[in-house]
$ cat start-v6.txt   # compact mmCIF, C-alpha atoms
# COMPACT_ATOMS: atom_id res chain seq x y z
CA MET I 389 95.01 -73.59 -100.41
CA ALA I 390 93.96 -70.93 -97.89
CA LEU I 391 90.46 -69.54 -97.95
CA LEU I 392 90.48 -66.11 -99.60
CA LEU I 393 87.96 -63.50 -98.50
CA ALA I 394 87.84 -60.00 -99.95
CA GLN I 395 86.30 -57.20 -97.91
CA ILE I 396 85.11 -53.75 -98.93
CA SER I 397 83.16 -51.23 -96.93
CA ASP I 398 81.42 -47.88 -97.04
CA ILE I 399 80.57 -47.62 -100.72
CA HIS I 400 77.88 -44.99 -99.95
CA LEU I 401 75.95 -45.26 -103.19
CA ASP I 402 74.07 -41.96 -103.50
CA GLY I 403 73.01 -41.73 -107.13
CA THR I 404 76.14 -39.85 -108.20
CA ASP I 405 78.45 -40.96 -110.98
CA ARG I 406 81.40 -40.77 -108.60
CA ALA I 407 80.03 -43.35 -106.16
CA SER I 408 78.94 -45.66 -108.96
CA GLU I 409 82.28 -45.42 -110.77
CA ARG I 410 84.34 -46.18 -107.67
CA THR I 411 82.21 -49.20 -106.77
CA THR I 412 82.27 -50.44 -110.37
CA ARG I 413 86.05 -50.07 -110.46
CA VAL I 414 86.49 -52.17 -107.33
CA MET I 415 84.09 -54.87 -108.48
CA ASP I 416 85.71 -55.06 -111.93
CA HIS I 417 89.08 -55.48 -110.21
CA LEU I 418 87.81 -58.33 -108.02
CA ARG I 419 86.09 -60.12 -110.90
CA ALA I 420 89.29 -59.93 -112.99
CA LEU I 421 91.65 -61.41 -110.38
CA PRO I 422 93.52 -64.54 -111.53
CA ARG I 423 92.10 -66.21 -108.45
CA PRO I 424 88.75 -64.69 -107.49
CA PRO I 425 87.89 -64.54 -103.79
CA ASP I 426 85.85 -67.33 -102.25
CA ALA I 427 83.50 -64.60 -101.05
CA LEU I 428 83.28 -60.82 -100.83
CA LEU I 429 82.22 -59.20 -97.56
CA VAL I 430 80.61 -55.75 -97.69
CA THR I 431 80.59 -54.34 -94.16
CA GLY I 432 77.94 -51.67 -94.27
CA ASP I 433 77.03 -48.22 -95.53
CA ILE I 434 76.00 -49.68 -98.85
CA ALA I 435 73.51 -46.88 -99.41
CA ASP I 436 74.20 -43.29 -98.42
CA HIS I 437 70.59 -42.32 -97.67
CA GLY I 438 68.91 -45.72 -97.32
CA ALA I 439 66.87 -45.08 -100.47
CA GLU I 440 65.30 -47.82 -102.57
CA SER I 441 67.06 -46.55 -105.70
CA GLU I 442 70.44 -46.82 -103.96
CA TYR I 443 69.84 -50.46 -103.05
CA ARG I 444 68.65 -51.29 -106.55
CA GLU I 445 71.91 -49.87 -107.86
CA ALA I 446 73.83 -51.83 -105.23
CA ALA I 447 72.17 -55.08 -106.30
CA LYS I 448 73.33 -54.42 -109.85
CA LEU I 449 76.86 -53.22 -109.11
CA LEU I 450 77.68 -55.88 -106.51
CA ALA I 451 76.60 -58.83 -108.68
CA ALA I 452 79.53 -61.24 -109.01
CA PRO I 453 80.42 -64.85 -109.81
CA PHE I 454 81.40 -65.33 -106.15
CA PRO I 455 79.17 -64.96 -103.06
CA VAL I 456 78.66 -61.36 -101.90
CA LEU I 457 77.87 -61.17 -98.17
CA CYS I 458 76.56 -57.91 -96.74
CA CYS I 459 75.61 -56.34 -93.44
CA PRO I 460 74.08 -52.91 -92.78
CA GLY I 461 75.85 -49.77 -91.59
CA ASN I 462 74.60 -46.62 -89.92
CA HIS I 463 73.64 -45.05 -93.28
CA ASP I 464 71.55 -48.07 -94.25
CA ASP I 465 67.83 -48.51 -93.70
CA ARG I 466 66.91 -51.97 -92.45
CA ALA I 467 63.44 -52.15 -93.99
CA THR I 468 64.51 -51.01 -97.46
CA TYR I 469 67.69 -53.12 -97.31
CA ARG I 470 65.59 -56.19 -96.52
CA ASP I 471 63.03 -55.47 -99.22
CA VAL I 472 65.44 -54.76 -102.09
CA LEU I 473 68.60 -56.74 -101.31
CA LEU I 474 67.10 -59.76 -99.56
CA GLY I 475 63.62 -59.94 -101.08
CA GLU I 476 62.12 -60.16 -97.59
CA PRO I 477 59.28 -58.26 -95.92
CA PRO I 478 60.49 -54.74 -94.98
CA GLU I 479 60.83 -55.35 -91.25
CA THR I 480 63.00 -53.17 -89.02
CA GLY I 481 64.65 -55.73 -86.71
CA PRO I 482 68.36 -56.58 -86.83
CA ILE I 483 69.65 -58.26 -90.00
CA ASN I 484 71.89 -61.17 -89.01
CA GLN I 485 72.99 -63.89 -91.42
CA LEU I 486 75.22 -66.96 -91.22
CA HIS I 487 77.19 -67.97 -94.31
CA ARG I 488 79.36 -71.06 -94.73
CA VAL I 489 82.36 -70.37 -96.96
CA GLY I 490 84.60 -73.35 -97.47
CA GLY I 491 85.23 -74.78 -94.04
CA ALA I 492 84.67 -71.46 -92.26
CA ALA I 493 81.64 -69.63 -90.93
CA VAL I 494 81.06 -65.94 -91.60
CA LEU I 495 78.55 -64.25 -89.32
CA MET I 496 77.33 -61.01 -90.92
CA CYS I 497 76.02 -59.15 -87.87
CA ASP I 498 73.85 -56.07 -87.52
CA ALA I 499 75.45 -53.60 -85.11
CA THR I 500 73.39 -50.59 -86.16
CA ILE I 501 71.14 -48.38 -84.05
CA PRO I 502 68.50 -46.86 -86.36
CA GLY I 503 68.99 -43.09 -86.55
CA ARG I 504 72.37 -43.14 -84.76
CA ASP I 505 75.99 -43.31 -85.91
CA GLU I 506 77.35 -45.42 -83.08
CA GLY I 507 76.84 -49.17 -82.96
CA ARG I 508 75.42 -51.66 -80.50
CA PHE I 509 74.57 -55.35 -80.54
CA ASP I 510 70.91 -55.69 -79.53
CA PRO I 511 70.12 -58.53 -77.09
CA GLU I 512 68.55 -60.34 -80.05
CA THR I 513 71.81 -60.14 -81.98
CA LEU I 514 73.95 -61.24 -79.03
CA GLU I 515 71.65 -64.23 -78.53
CA TRP I 516 71.87 -65.05 -82.23
CA ILE I 517 75.67 -64.87 -82.24
CA GLU I 518 75.90 -67.09 -79.16
CA ALA I 519 73.42 -69.65 -80.47
CA THR I 520 75.01 -69.71 -83.93
CA LEU I 521 78.54 -70.22 -82.61
CA GLY I 522 77.30 -72.87 -80.21
CA ALA I 523 75.61 -74.80 -83.01
CA LEU I 524 78.70 -74.58 -85.23
CA GLY I 525 80.92 -76.10 -82.56
CA PRO I 526 84.51 -75.33 -81.58
CA ASP I 527 86.15 -76.83 -84.67
CA VAL I 528 84.64 -74.44 -87.23
CA PRO I 529 86.66 -71.19 -87.55
CA ALA I 530 84.34 -68.21 -87.38
CA LEU I 531 84.63 -64.62 -88.53
CA LEU I 532 82.30 -61.95 -87.15
CA ALA I 533 81.69 -59.09 -89.57
CA PHE I 534 79.81 -55.90 -88.66
CA HIS I 535 80.03 -52.17 -89.27
CA GLN I 536 81.35 -50.15 -86.31
CA PRO I 537 84.73 -51.11 -84.78
CA PRO I 538 84.65 -51.95 -81.05
CA VAL I 539 87.91 -50.06 -80.37
CA GLU I 540 89.29 -46.55 -80.63
CA LEU I 541 91.39 -45.98 -83.74
CA GLY I 542 92.96 -42.61 -82.94
CA HIS I 543 90.58 -40.22 -84.71
CA PRO I 544 87.77 -38.36 -82.90
CA ILE I 545 85.13 -38.99 -85.58
CA PRO I 546 85.09 -42.81 -85.74
CA ASP I 547 86.06 -43.02 -82.08
CA SER I 548 82.91 -41.11 -81.11
CA SER I 549 80.69 -43.58 -82.98
CA ARG I 550 82.33 -46.95 -82.38
CA LEU I 551 80.57 -50.10 -81.21
CA GLU I 552 79.30 -49.92 -77.65
CA THR I 553 80.83 -52.79 -75.73
CA GLY I 554 79.99 -54.42 -72.43
CA GLN I 555 80.77 -57.38 -70.23
CA ARG I 556 78.30 -59.65 -72.00
CA LEU I 557 80.07 -59.18 -75.32
CA VAL I 558 83.48 -59.76 -73.76
CA GLU I 559 82.24 -62.94 -72.09
CA LEU I 560 80.61 -64.16 -75.31
CA LEU I 561 83.82 -63.71 -77.28
CA ALA I 562 85.89 -65.38 -74.56
CA ALA I 563 83.56 -68.38 -74.53
CA HIS I 564 84.10 -69.04 -78.23
CA PRO I 565 87.83 -69.36 -79.05
CA GLN I 566 86.94 -70.45 -82.60
CA ILE I 567 86.41 -66.74 -83.43
CA VAL I 568 89.36 -65.88 -85.66
CA ALA I 569 88.77 -62.14 -86.09
CA LEU I 570 86.30 -59.27 -86.02
CA LEU I 571 85.95 -57.60 -89.44
CA THR I 572 84.52 -54.08 -89.56
CA GLY I 573 84.27 -50.92 -91.62
CA HIS I 574 82.81 -47.49 -90.75
CA ALA I 575 86.12 -45.69 -90.06
CA HIS I 576 87.10 -45.13 -93.73
CA THR I 577 90.68 -46.15 -92.95
CA ALA I 578 92.45 -49.50 -93.06
CA ALA I 579 93.44 -50.42 -89.51
CA ALA I 580 94.29 -53.33 -87.24
CA SER I 581 93.80 -53.66 -83.50
CA PHE I 582 92.57 -56.08 -80.81
CA PHE I 583 89.43 -56.38 -78.72
CA ALA I 584 89.02 -58.96 -75.94
CA GLY I 585 92.15 -60.64 -77.28
CA ILE I 586 90.71 -61.03 -80.80
CA PRO I 587 92.11 -59.29 -83.88
CA VAL I 588 90.02 -56.38 -85.18
CA LEU I 589 90.56 -55.67 -88.87
CA VAL I 590 89.02 -52.53 -90.30
CA ALA I 591 88.51 -52.42 -94.06
CA PRO I 592 89.33 -49.28 -96.03
CA ALA I 593 86.45 -47.40 -97.62
CA VAL I 594 85.50 -47.31 -101.26
CA THR I 595 84.08 -43.77 -101.19
CA TRP I 596 86.82 -41.72 -99.45
CA THR I 597 89.67 -42.18 -97.00
CA LEU I 598 89.89 -40.70 -93.51
CA ARG I 599 92.89 -38.47 -92.89
CA MET I 600 94.33 -39.18 -89.46
CA PRO I 601 95.23 -36.23 -87.19
CA TRP I 602 98.93 -36.41 -88.12
CA GLU I 603 98.06 -36.21 -91.83
CA GLY I 604 96.42 -32.79 -91.76
CA PRO I 605 93.26 -30.97 -90.67
CA SER I 606 91.03 -31.97 -93.59
CA VAL I 607 88.98 -35.05 -92.68
CA ALA I 608 88.07 -36.65 -96.02
CA ASP I 609 90.67 -37.46 -98.65
CA ARG I 610 88.41 -37.83 -101.66
CA SER I 611 91.38 -38.22 -104.00
CA ALA I 612 92.58 -41.41 -102.30
CA LEU I 613 92.04 -44.61 -104.27
CA PRO I 614 89.33 -47.09 -103.20
CA GLY I 615 90.62 -49.82 -100.89
CA VAL I 616 90.14 -53.55 -100.45
CA ALA I 617 91.17 -55.95 -97.69
CA PHE I 618 92.13 -59.52 -98.57
CA HIS I 619 91.94 -62.05 -95.74
CA LEU I 620 93.69 -65.42 -96.03
CA LEU I 621 92.53 -68.13 -93.60
CA ASP I 622 94.91 -71.12 -93.58
CA ARG I 623 94.48 -74.69 -92.35
CA GLU I 624 95.80 -73.68 -88.94
CA HIS I 625 92.95 -71.15 -88.70
CA ARG I 626 95.46 -68.31 -88.85
CA LEU I 627 94.26 -65.17 -90.59
CA THR I 628 96.62 -63.00 -92.62
CA THR I 629 95.36 -59.72 -94.10
CA HIS I 630 96.66 -57.70 -97.03
CA PHE I 631 95.35 -54.21 -97.84
CA ARG I 632 95.30 -52.98 -101.44
CA VAL I 633 94.13 -49.93 -103.34
CA VAL I 634 92.37 -50.15 -106.71
CA PRO I 635 93.76 -47.77 -109.36
$ encode --input "start-v6.txt" --output "structure tokens"
Amino acid sequence: MALLLAQISDIHLDGTDRASERTTRVMDHLRALPRPPDALLVTGDIADHGAESEYREAAKLLAAPFPVLCCPGNHDDRATYRDVLLGEPPETGPINQLHRVGGAAVLMCDATIPGRDEGRFDPETLEWIEATLGALGPDVPALLAFHQPPVELGHPIPDSSRLETGQRLVELLAAHPQIVALLTGHAHTAAASFFAGIPVLVAPAVTWTLRMPWEGPSVADRSALPGVAFHLLDREHRLTTHFRVVP
């Protein structure tokens, strides 16, 4: 059977009942599935203000019988994230983690720039990605998950704060054809695109949904239901994605 990965993003826990309820609703839905996911990916903006109390709530709400794999977003604070969610010293360097799920590798990458909305892979992170993929070898399908998409999506807000890209990143991706897809969040809208010939799949947000320019002038649709992406990775290393909302 194909590997099943669920992905959520941008839960923005801020101490309000609304944020807690929407996250709880999504997690209850995932836990109750007839077949639970092999892992859940949470691609950033876990906390809204990077506060310790927000991460303590996240640790409670995101607890599940399946692995929950996280990476930071531009609203997250690296030191507090490390301290509360990982139980590590509150250092401020990039948070990069490799997870093996079934026969696949999931690289949860830190693309954040502290104090900025746009993203960038630090040299340390690029070196980590390259070394990690090299050690895994060409036969292990790999998914790279991080916060900011590396492509324009057609809205000025996320497009002004996307991942900064350069030749080194393009060359790194080209050198590792075992990369199946790039999984991101940040834009608050489910989307699919390509970068350097690799699929880019953007998870919908839990907190609110971005209205695109053709949908009206108001940016945030706070009445939209929370969203989830489900990624199926088959034996041919082909990824198929289904987007769902949680009533």
$ closest_atom_pairs --input "start-v6.txt" --of "region 492-531 of chain I" --to "region 468-488 of chain I" --cutoff "9 Å" --atoms "all atoms listed in the file" --output "CSV"
residue,atom,partner,partner_atom,distance
I:Ala492,CA,I:Arg488,CA,5.9
I:Ala493,CA,I:Arg488,CA,4.7
I:Val494,CA,I:His487,CA,5.1
I:Leu495,CA,I:Leu486,CA,4.7
I:Met496,CA,I:Gln485,CA,5.2
I:Cys497,CA,I:Asn484,CA,4.7
I:Asp498,CA,I:Ile483,CA,5.3
I:Ala499,CA,I:Pro482,CA,7.9
I:Thr500,CA,I:Pro482,CA,7.9
I:Pro502,CA,I:Thr480,CA,8.8
I:Phe509,CA,I:Pro482,CA,8.9
I:Asp510,CA,I:Pro482,CA,7.8
I:Glu512,CA,I:Pro482,CA,7.8
I:Thr513,CA,I:Pro482,CA,6.9
I:Trp516,CA,I:Asn484,CA,7.8
I:Ile517,CA,I:Asn484,CA,8.6
I:Thr520,CA,I:Leu486,CA,7.8
$ atom_distance --input "start-v6.txt" --atom1 "CA of Thr412 (chain I)" --atom2 "CA of Ala447 (chain I)"
11.8 Å
$ atom_distance --input "start-v6.txt" --atom1 "CA of Gln566 (chain I)" --atom2 "CA of Leu532 (chain I)"
10.7 Å
$ closest_residue --input "start-v6.txt" --among "I:Leu521, I:Leu621, I:Ala593, I:Val539" --to "Val568 (chain I)" --atoms "all atoms listed in the file"
I:Leu621
$ atom_distance --input "start-v6.txt" --atom1 "CA of Pro614 (chain I)" --atom2 "CA of Thr595 (chain I)"
6.5 Å
$ residues_around --input "start-v6.txt" --residues "Glu445 (chain I)" --least-positions-apart "5" --cutoff "10 Å" --atoms "all atoms listed in the file" --output "number ranges by chain"
I: 401-403, 408, 434-435, 440, 450, 472
$ closest_residue --input "start-v6.txt" --among "I:His564, I:Thr411, I:Thr431, I:His543" --to "Val634 (chain I)" --atoms "all atoms listed in the file"
I:Thr411
